[in-house]
>>> print(open('work10.txt').read())   # compact mmCIF, C-alpha atoms
# COMPACT_ATOMS: atom_id res chain seq x y z
CA MET A 175 -36.11 29.39 -21.57
CA VAL A 176 -37.16 25.82 -22.32
CA VAL A 177 -35.14 22.83 -21.17
CA GLN A 178 -35.24 19.24 -22.41
CA CYS A 179 -35.19 16.11 -20.26
CA GLU A 180 -31.48 15.48 -20.94
CA GLU A 181 -30.52 18.86 -19.58
CA VAL A 182 -32.71 18.34 -16.54
CA TRP A 183 -30.94 15.04 -15.77
CA ARG A 184 -27.60 16.76 -16.17
CA GLU A 185 -28.55 19.57 -13.81
CA VAL A 186 -30.83 17.85 -11.33
CA SER A 187 -28.03 17.42 -8.79
CA ASN A 188 -27.00 21.07 -9.07
CA TYR A 189 -30.66 22.04 -8.81
CA LEU A 190 -30.98 20.20 -5.51
CA ASP A 191 -27.81 21.91 -4.26
CA GLY A 192 -29.06 25.36 -5.26
CA GLU A 193 -26.22 25.60 -7.75
CA VAL A 194 -28.17 26.64 -10.86
CA ASP A 195 -28.86 30.20 -11.88
CA PRO A 196 -32.36 31.63 -11.41
CA GLY A 197 -33.22 31.38 -15.12
CA LEU A 198 -32.40 27.70 -15.35
CA ARG A 199 -34.11 27.01 -12.04
CA ALA A 200 -37.34 28.58 -13.29
CA ALA A 201 -37.11 26.62 -16.55
CA MET A 202 -36.53 23.36 -14.70
CA GLU A 203 -39.45 23.99 -12.38
CA GLU A 204 -41.65 24.62 -15.39
CA HIS A 205 -40.37 21.38 -16.92
CA PHE A 206 -41.10 19.40 -13.75
CA ARG A 207 -44.70 20.59 -13.83
CA GLY A 208 -45.24 18.91 -17.17
CA CYS A 209 -42.88 15.92 -17.09
CA LYS A 210 -43.65 12.96 -14.86
CA HIS A 211 -40.40 11.21 -15.74
CA CYS A 212 -38.19 14.07 -14.67
CA THR A 213 -40.28 14.60 -11.55
CA ALA A 214 -39.64 10.94 -10.69
CA VAL A 215 -35.91 11.49 -11.17
CA LEU A 216 -36.00 14.60 -8.97
CA ASP A 217 -38.04 12.90 -6.23
CA GLY A 218 -35.76 9.89 -6.21
CA ALA A 219 -32.55 11.92 -6.05
CA ARG A 220 -33.98 14.02 -3.24
CA ASN A 221 -35.03 10.90 -1.37
CA VAL A 222 -31.50 9.50 -1.75
CA ILE A 223 -29.97 12.66 -0.27
CA GLN A 224 -32.48 12.70 2.56
CA LEU A 225 -31.92 9.05 3.48
CA TYR A 226 -28.15 8.96 3.32
CA GLY A 227 -27.85 12.31 5.05
CA ASP A 228 -29.56 10.84 8.09
CA GLU A 229 -27.21 10.31 11.03
CA ARG A 230 -28.38 6.72 11.39
CA MET A 231 -26.70 5.88 8.11
CA MET A 232 -23.19 6.53 9.41
CA GLU A 233 -22.80 4.67 12.64
CA VAL A 234 -19.37 4.78 14.19
CA PRO A 235 -18.22 1.60 15.93
CA LEU A 236 -19.06 1.33 19.61
CA GLY A 237 -16.23 2.79 21.69
CA TYR A 238 -14.64 4.53 18.71
CA SER A 239 -14.30 7.86 20.45
CA GLN A 240 -12.76 6.36 23.59
CA ARG A 241 -10.26 4.33 21.58
CA LEU A 242 -9.39 7.39 19.54
CA HIS A 243 -8.70 9.42 22.65
CA ARG A 244 -6.62 6.61 24.15
CA ARG A 245 -4.50 6.42 21.00
CA LEU A 246 -4.05 10.17 21.07
CA GLU A 247 -3.01 10.07 24.69
CA GLU A 248 -0.41 7.43 23.89
CA GLY A 249 0.88 9.53 21.03
CA MET A 250 1.16 12.79 22.93
CA PRO A 251 4.63 13.54 24.21
CA GLY A 252 5.10 13.69 27.95
CA ARG A 253 1.93 11.78 28.70
CA ARG A 254 3.47 8.45 29.59
CA GLY A 255 5.41 9.15 32.73
CA ASN A 256 9.07 9.35 33.44
CA ALA A 257 10.11 6.20 31.58
CA PHE A 258 8.73 7.59 28.36
CA GLY A 259 10.41 10.91 29.02
CA TRP A 260 13.75 9.21 29.43
CA MET A 261 13.23 7.23 26.23
CA MET A 262 12.47 10.44 24.37
CA ALA A 263 15.56 12.11 25.80
CA LEU A 264 17.75 9.18 24.79
CA GLY A 265 16.24 9.15 21.32
CA PHE A 266 16.88 12.84 20.94
CA ALA A 267 20.48 12.44 22.06
CA ALA A 268 20.97 9.67 19.49
CA LEU A 269 19.56 11.90 16.78
CA MET A 270 21.91 14.71 17.77
CA LEU A 271 24.87 12.33 17.57
CA LEU A 272 23.83 11.06 14.16
CA SER A 273 23.25 14.56 12.87
CA PHE A 274 26.76 15.49 13.92
CA GLU A 275 28.17 12.55 11.98
CA VAL A 276 26.36 13.44 8.78
CA GLY A 277 26.75 17.15 9.19
CA ASN A 278 28.74 17.54 6.00
CA VAL A 279 26.38 15.68 3.74
CA SER A 280 25.31 17.77 0.78
CA GLN A 281 21.80 19.22 0.83
CA SER A 282 21.41 18.94 -2.91
CA ASN A 283 19.29 15.79 -2.76
CA THR A 284 16.10 17.47 -3.87
CA LEU A 285 17.72 18.61 -7.10
CA GLU A 286 18.24 15.05 -8.19
CA PHE A 287 14.51 14.51 -8.38
CA ARG A 288 14.28 16.93 -11.21
CA SER A 289 16.08 14.50 -13.47
CA GLU A 290 14.18 11.99 -15.59
CA GLN A 291 16.21 9.16 -14.12
CA ALA A 292 14.99 10.01 -10.64
CA ARG A 293 11.47 10.54 -11.84
CA SER A 294 11.29 6.89 -12.88
CA ARG A 295 11.79 5.91 -9.26
CA ILE A 296 8.78 7.87 -7.98
CA HIS A 297 5.91 5.69 -6.85
CA ILE A 298 3.44 8.20 -5.52
CA PRO A 299 -0.25 7.29 -5.78
CA ALA A 300 -1.77 9.51 -8.44
CA ASP A 301 -4.76 10.30 -6.24
CA LEU A 302 -2.80 11.40 -3.18
CA VAL A 303 -3.90 14.88 -2.12
CA VAL A 304 -0.95 17.25 -2.19
CA VAL A 305 -0.24 20.96 -2.16
CA ALA A 306 2.17 22.97 -4.29
CA VAL A 307 3.17 26.62 -4.38
CA SER A 308 1.84 27.95 -7.66
CA ASP A 309 5.17 29.33 -8.87
CA GLY A 310 7.36 26.84 -6.99
CA LYS A 311 8.94 23.54 -7.95
CA ILE A 312 8.10 21.11 -5.16
CA PHE A 313 4.84 19.51 -4.02
CA HIS A 314 4.12 18.33 -0.49
CA VAL A 315 1.63 16.48 1.67
CA PRO A 316 -0.60 19.16 3.27
CA GLY A 317 1.02 20.33 6.48
CA CYS A 318 4.59 19.46 5.55
CA LYS A 319 6.92 21.71 7.49
CA PHE A 320 9.21 22.13 4.50
CA ILE A 321 6.72 24.27 2.64
CA HIS A 322 8.52 27.57 2.38
CA ASP A 323 5.92 29.84 0.80
CA LYS A 324 2.51 29.11 2.23
CA ALA A 325 0.81 32.11 0.69
CA LYS A 326 0.05 30.66 -2.74
CA LEU A 327 -0.66 27.00 -2.10
CA GLN A 328 -2.79 25.03 -4.51
CA THR A 329 -4.41 21.71 -3.68
CA MET A 330 -4.27 18.99 -6.32
CA THR A 331 -3.55 15.30 -6.74
CA ALA A 332 -0.01 13.98 -6.99
CA GLY A 333 -0.68 12.91 -10.57
CA GLU A 334 -1.63 16.45 -11.51
CA ALA A 335 1.37 17.90 -9.66
CA LEU A 336 3.79 15.65 -11.52
CA ARG A 337 2.11 16.43 -14.81
CA GLN A 338 2.60 20.13 -14.10
CA GLY A 339 6.30 19.54 -13.55
CA TYR A 340 6.46 19.71 -9.77
CA ALA A 341 8.89 17.42 -7.98
CA PRO A 342 7.96 15.58 -4.76
CA CYS A 343 9.26 16.80 -1.42
CA VAL A 344 11.82 14.28 -0.25
CA ARG A 345 10.78 14.79 3.35
CA CYS A 346 7.03 14.30 3.45
CA LEU A 347 6.80 11.98 0.44
CA ARG A 348 9.85 9.97 1.29
CA GLU A 349 8.07 6.64 1.59
CA TYR A 350 7.13 6.74 -2.07
CA LEU A 351 10.61 7.41 -3.37
CA SER A 352 13.15 4.75 -4.16
CA GLU A 353 15.95 4.66 -1.61
CA SER A 354 18.39 3.15 -4.06
CA ARG A 355 21.65 4.89 -4.93
CA GLY A 356 21.39 7.36 -2.10
CA VAL A 357 18.86 9.54 -3.82
CA VAL A 358 16.75 9.81 -0.70
CA PRO A 359 18.35 11.25 2.42
CA SER A 360 19.11 8.77 5.16
CA GLU A 361 17.18 8.79 8.44
CA ALA A 362 20.09 10.62 10.03
CA GLU A 363 20.06 13.23 7.31
CA MET A 364 16.31 13.64 7.70
CA ALA A 365 16.78 14.10 11.43
CA ARG A 366 19.41 16.74 10.76
CA LEU A 367 17.11 18.60 8.39
CA GLU A 368 14.38 18.46 10.97
CA LEU A 369 16.59 19.89 13.66
CA GLU A 370 17.56 22.73 11.36
CA ASP A 371 13.95 23.61 10.68
CA PRO A 372 13.23 27.05 12.13
CA GLU A 373 10.00 25.81 13.66
CA MET B 221 -23.31 47.57 21.72
CA PRO B 222 -22.02 44.65 19.72
CA GLU B 223 -20.24 42.02 21.75
CA THR B 224 -17.04 42.19 19.79
CA THR B 225 -14.91 40.61 22.47
CA ALA B 226 -17.25 37.78 23.32
CA SER B 227 -15.80 35.40 20.74
CA LEU B 228 -12.58 35.18 22.68
CA GLY B 229 -14.48 33.82 25.62
CA ASN B 230 -13.62 33.97 29.26
CA ALA B 231 -10.21 33.06 30.48
CA GLY B 232 -9.70 29.31 30.23
CA GLU B 233 -12.67 28.86 27.93
CA PRO B 234 -11.69 29.55 24.35
CA ARG B 235 -14.71 29.36 22.08
CA GLY B 236 -13.27 29.55 18.60
CA GLU B 237 -11.12 26.98 16.87
CA GLU B 238 -8.50 29.60 16.23
CA ALA B 239 -8.08 30.22 19.94
CA LEU B 240 -8.02 26.50 20.65
CA ILE B 241 -5.34 25.90 18.05
CA ARG B 242 -3.25 28.74 19.40
CA ARG B 243 -3.40 27.34 22.92
CA ILE B 244 -2.57 23.84 21.73
CA ARG B 245 0.45 25.21 19.92
CA GLU B 246 1.47 26.97 23.10
CA GLY B 247 1.52 23.68 24.95
CA GLU B 248 -1.99 22.90 26.13
CA ALA B 249 -2.04 19.59 24.29
CA GLU B 250 -5.09 18.26 26.10
CA LEU B 251 -7.25 20.88 24.33
CA PHE B 252 -6.71 18.93 21.14
CA TYR B 253 -9.45 16.53 22.26
CA GLU B 254 -11.87 19.41 22.32
CA LEU B 255 -10.70 20.63 18.94
CA ILE B 256 -11.28 17.35 17.14
CA ARG B 257 -14.40 16.19 18.96
CA PRO B 258 -16.85 17.70 16.41
CA TYR B 259 -14.97 16.01 13.56
CA GLU B 260 -14.29 12.54 14.95
CA ARG B 261 -17.18 11.02 13.12
CA ARG B 262 -16.33 12.81 9.89
CA VAL B 263 -12.76 11.56 9.98
CA TYR B 264 -14.06 8.01 10.36
CA ALA B 265 -16.55 8.50 7.53
CA ALA B 266 -13.76 9.66 5.23
CA THR B 267 -11.52 6.68 5.96
CA LEU B 268 -14.42 4.24 5.76
CA ALA B 269 -15.43 5.62 2.38
CA ILE B 270 -12.03 4.65 1.05
CA LEU B 271 -11.15 1.51 2.98
CA ARG B 272 -14.64 -0.03 3.27
CA ASN B 273 -13.67 -1.99 6.33
CA GLU B 274 -14.58 -0.79 9.81
CA ALA B 275 -11.44 -1.97 11.58
CA ASP B 276 -9.09 -0.55 8.95
CA ALA B 277 -11.09 2.67 8.81
CA GLU B 278 -10.90 3.13 12.56
CA ASP B 279 -7.18 2.51 12.64
CA ALA B 280 -6.61 4.94 9.79
CA ALA B 281 -8.83 7.52 11.51
CA GLN B 282 -6.78 7.22 14.70
CA GLU B 283 -3.55 7.59 12.80
CA ALA B 284 -4.87 10.60 10.90
CA VAL B 285 -5.92 12.38 14.08
CA LEU B 286 -2.55 11.65 15.65
CA LYS B 287 -0.80 13.07 12.58
CA ALA B 288 -2.98 16.16 12.78
CA PHE B 289 -1.90 16.63 16.38
CA LYS B 290 1.77 16.18 15.57
CA HIS B 291 1.58 18.63 12.68
CA ILE B 292 -0.74 21.19 14.23
CA ARG B 293 1.99 23.81 13.91
CA GLN B 294 1.86 23.45 10.16
CA PHE B 295 -1.86 24.16 9.97
CA ARG B 296 -2.44 27.48 8.22
CA ALA B 297 -5.07 29.74 9.71
CA GLU B 298 -6.49 30.71 6.33
CA ALA B 299 -7.59 27.12 5.72
CA ARG B 300 -10.49 25.47 7.49
CA PHE B 301 -9.30 23.09 10.20
CA SER B 302 -11.93 20.48 9.36
CA THR B 303 -10.89 20.41 5.70
CA TRP B 304 -7.23 20.06 6.63
CA LEU B 305 -8.07 17.23 9.01
CA ILE B 306 -10.16 15.41 6.40
CA GLN B 307 -7.33 15.82 3.86
CA ILE B 308 -5.01 14.04 6.25
CA ALA B 309 -7.60 11.30 6.80
CA VAL B 310 -8.15 10.87 3.06
CA ASN B 311 -4.43 10.60 2.43
CA GLU B 312 -3.93 8.15 5.27
CA ALA B 313 -6.74 5.94 3.98
CA ARG B 314 -5.56 6.11 0.38
CA MET B 315 -2.04 5.21 1.43
CA ARG B 316 -3.32 2.17 3.29
CA ARG B 317 -5.52 1.13 0.42
CA ARG B 318 -2.53 1.20 -1.90
CA LYS B 319 -0.55 -0.94 0.48
CA GLN B 320 -3.41 -3.39 0.90
CA GLN B 321 -3.83 -3.79 -2.80
CA ALA B 322 -0.07 -4.29 -3.10
CA VAL B 323 -0.10 -2.98 -6.62
CA VAL B 324 2.88 -1.65 -8.48
CA MET B 325 2.20 2.00 -9.02
CA GLU B 326 1.15 2.81 -12.50
CA PRO B 327 2.54 5.83 -14.29
CA MET B 328 0.63 8.89 -13.26
CA VAL B 329 -2.60 8.80 -15.18
CA ASP B 330 -5.37 11.22 -14.53
CA GLN B 331 -8.55 9.56 -13.43
CA ARG B 332 -10.89 11.51 -15.62
CA ASP B 333 -14.60 11.43 -15.08
CA GLU B 334 -16.70 9.87 -17.73
CA GLU B 335 -17.66 12.51 -20.24
CA GLY B 336 -20.98 10.95 -21.18
CA GLN B 337 -24.15 11.84 -19.39
CA TYR B 338 -25.71 9.37 -16.97
CA THR B 339 -29.20 8.46 -18.09
CA PRO B 340 -31.60 7.45 -15.34
CA ARG B 341 -33.03 3.97 -15.84
CA ASP B 342 -36.25 4.11 -13.89
CA PHE B 343 -38.95 6.65 -14.71
CA ALA B 344 -41.85 5.22 -12.77
CA ASP B 345 -43.38 7.48 -10.14
CA TRP B 346 -40.92 7.53 -7.28
CA ARG B 347 -42.03 5.42 -4.36
CA GLU B 348 -40.69 7.27 -1.40
CA ILE B 349 -38.59 5.56 1.26
CA PRO B 350 -39.26 7.65 4.37
CA SER B 351 -36.58 8.39 6.93
CA GLU B 352 -38.56 6.54 9.58
CA THR B 353 -37.67 3.26 7.90
CA LEU B 354 -34.03 3.82 8.83
CA GLU B 355 -34.94 2.50 12.27
CA ARG B 356 -34.95 -0.89 10.61
CA ALA B 357 -31.59 -2.56 10.32
CA GLU B 358 -32.46 -4.28 7.05
CA VAL B 359 -33.22 -0.94 5.41
CA ARG B 360 -29.89 0.51 6.53
CA GLN B 361 -28.21 -2.65 5.30
CA LYS B 362 -29.79 -2.35 1.85
CA LEU B 363 -28.80 1.28 1.57
CA ALA B 364 -25.27 0.47 2.67
CA GLU B 365 -25.06 -2.29 0.04
CA ALA B 366 -26.19 0.09 -2.67
CA LEU B 367 -23.60 2.65 -1.60
CA SER B 368 -20.93 0.00 -1.45
CA SER B 369 -21.59 -0.98 -5.04
CA LEU B 370 -20.64 2.48 -6.32
CA GLY B 371 -17.18 3.02 -7.75
CA GLN B 372 -14.58 4.46 -5.40
CA LYS B 373 -14.52 7.97 -6.79
CA TYR B 374 -18.30 8.31 -6.64
CA ARG B 375 -18.52 6.86 -3.14
CA GLU B 376 -15.86 9.21 -1.75
CA VAL B 377 -17.59 12.31 -3.05
CA PHE B 378 -21.05 11.15 -2.04
CA ILE B 379 -20.03 10.30 1.53
CA LEU B 380 -18.21 13.55 2.16
CA ARG B 381 -20.83 15.73 0.53
CA ASP B 382 -24.17 14.04 1.21
CA MET B 383 -23.48 12.05 4.33
CA GLU B 384 -21.03 14.31 6.11
CA GLN B 385 -22.41 17.53 4.66
CA LEU B 386 -19.13 19.07 3.53
CA SER B 387 -19.61 21.91 1.07
CA ILE B 388 -18.83 21.21 -2.56
CA GLU B 389 -15.67 23.34 -2.27
CA ASP B 390 -14.47 21.56 0.86
CA THR B 391 -15.17 18.17 -0.70
CA ALA B 392 -13.03 19.19 -3.66
CA LYS B 393 -10.20 20.33 -1.40
CA ALA B 394 -10.37 17.25 0.79
CA LEU B 395 -10.14 14.92 -2.19
CA GLY B 396 -7.74 17.02 -4.24
CA ILE B 397 -10.09 17.28 -7.21
CA SER B 398 -11.79 20.20 -8.95
CA VAL B 399 -15.21 21.58 -8.09
CA PRO B 400 -16.65 20.54 -11.50
CA SER B 401 -15.39 17.00 -10.86
CA VAL B 402 -17.17 16.95 -7.51
CA LYS B 403 -20.39 18.05 -9.18
CA THR B 404 -20.10 15.48 -11.95
CA ARG B 405 -19.36 12.63 -9.58
CA LEU B 406 -22.07 13.72 -7.19
CA LEU B 407 -24.66 13.76 -9.95
CA ARG B 408 -23.70 10.27 -11.02
CA ALA B 409 -23.58 8.94 -7.47
CA ARG B 410 -27.03 10.31 -6.65
CA LEU B 411 -28.62 9.04 -9.86
CA MET B 412 -26.96 5.65 -9.61
CA LEU B 413 -28.15 5.25 -6.03
CA ARG B 414 -31.60 6.35 -7.06
CA ASP B 415 -31.71 3.63 -9.71
CA LEU B 416 -30.35 1.06 -7.28
CA LEU B 417 -33.11 1.89 -4.82
CA ALA B 418 -35.92 2.13 -7.40
CA PRO B 419 -38.50 -0.59 -6.70
CA GLY B 420 -38.54 -1.67 -10.32
CA LEU B 421 -34.79 -2.21 -10.34
CA GLY B 422 -32.49 -3.13 -7.46
CA GLY B 423 -34.77 -1.73 -4.78
CA SER B 424 -37.64 -4.19 -5.06
CA TRP B 425 -37.26 -4.78 -1.31
CA SER B 426 -38.65 -1.30 -0.71
CA LYS B 427 -42.06 -2.41 -2.03
CA THR B 428 -42.50 -4.37 1.16
CA LEU B 429 -41.99 -1.37 3.40
CA SER B 430 -45.14 -0.50 5.25
CA PHE B 431 -44.34 3.20 4.94
CA ALA B 432 -43.93 3.15 1.21
CA LYS B 433 -47.33 4.50 0.26
CA GLY B 434 -47.22 7.54 2.51
CA SER B 435 -47.28 11.11 1.35
CA LYS B 436 -44.04 12.86 0.51
CA PRO B 437 -42.68 14.92 3.35
CA TRP B 438 -41.20 17.63 1.12
>>> encode(input="work10.txt", output="structure tokens")
Amino acid sequence: MVVQCEEVWREVSNYLDGEVDPGLRAAMEEHFRGCKHCTAVLDGARNVIQLYGDERMMEVPLGYSQRLHRRLEEGMPGRRGNAFGWMMALGFAALMLLSFEVGNVSQSNTLEFRSEQARSRIHIPADLVVVAVSDGKIFHVPGCKFIHDKAKLQTMTAGEALRQGYAPCVRCLREYLSESRGVVPSEAEMARLELEDPE
Amino acid sequence: MPETTASLGNAGEPRGEEALIRRIREGEAELFYELIRPYERRVYAATLAILRNEADAEDAAQEAVLKAFKHIRQFRAEARFSTWLIQIAVNEARMRRRKQQAVVMEPMVDQRDEEGQYTPRDFADWREIPSETLERAEVRQKLAEALSSLGQKYREVFILRDMEQLSIEDTAKALGISVPSVKTRLLRARLMLRDLLAPGLGGSWSKTLSFAKGSKPW
């Protein structure tokens, strides 16, 4: 097998990652032996990987880890003493009350997103990473608790999911959906759905 | 005899992530610190790649880790925890970037990679920039500037794959793109950076490095 310079440039990255088959690898190595230009491309690309892969190239800000842990501690339930516990209890009680008041609201909100009219009010970034069940109808942010069949999840961008005909989950993608005309469930309705979740 | 039970560790000392996650789900929240410690830096790298601002990146990283904690019950054991965590970080950073740019969302258009091949611009013998030079702040600064000049989609892939050493498959999952797209973007990112660092082009500064005439270490 003989390879030309153009093919070497196209495959040099895969070559460095060990992602070319043995035949092509041997042909490229033969090519490098006789081509100074391609050897310069290979050496440069390898130098780039070596330099940027060095730990010194990605310095985290001083105190990053401590600040991260502090933020986590603040966000963990039951870690802020009795006052926080009482606030949580009150908040929960309020949610229960609200859920009682909206208990009869229809759960058919998700169906509305399958209409073209609703689709025009979707403002999800096309590059958002989402997951969808391959034979399902809804796509979600990874980890959404409203994913019902987790066995056949596919990862894709929101743009791709919409193109394939999936509709956005009204729970995890709520912030991107227009709240006009009651299409999106209210906070109280969301709280009710959450309380009903088996988990 | 093989130590088949060793991976579970002694009582109170879970060694695997799976065991850690199980205990966190059962209420030992403080173990979450231990779970995320190996990935703290990687989470920051992912958010920085997208937001390009240290303060914003740190805030997004914190938020992403907090979200991971809150949703740990939704993590599926068949996925890799680190990939799931980076996905959350990528989404958090992308969301913030959208808000910062305050743009009206365009109709969903696929961001296709350029079909044409990238042709290297510099064919002179490569003048190596050894790792030792990274001790010098100005060298790190020049490399960071070159990286910063790459387009978003190339920078994201390059940082996750070449700086944070994610596999090609995990990079694809974290960014929600296909494996061939990762490979295409990675090729372009590496070759563009190479050209930017080539002494005859944007990397003329490297001529002044005292190490530049040394032998190649590989």
>>> interface_residues(input="work10.txt", of="chain A", to="chain B", cutoff="7 Å", atoms="all atoms listed in the file", output="number ranges by chain")
A: 184, 187, 211, 214-215, 217-219, 221-223, 225-227, 230-231, 234, 242, 245-246, 249, 297, 299-300, 302-303, 317-319, 329-331, 333
>>> closest_residue(input="work10.txt", among="B:Leu386, B:Ala297, B:Ile241, B:Val263", to="A:Ser239", atoms="all atoms listed in the file")
B:Val263
>>> atom_distance(input="work10.txt", atom1="atom CA of B:Ala269", atom2="atom CA of B:Val402")
15.1 Å
>>> atom_distance(input="work10.txt", atom1="atom CA of A:Glu229", atom2="atom CA of B:Ala280")
21.3 Å
>>> atom_distance(input="work10.txt", atom1="atom CA of A:Asp301", atom2="atom CA of B:Glu376")
12.0 Å
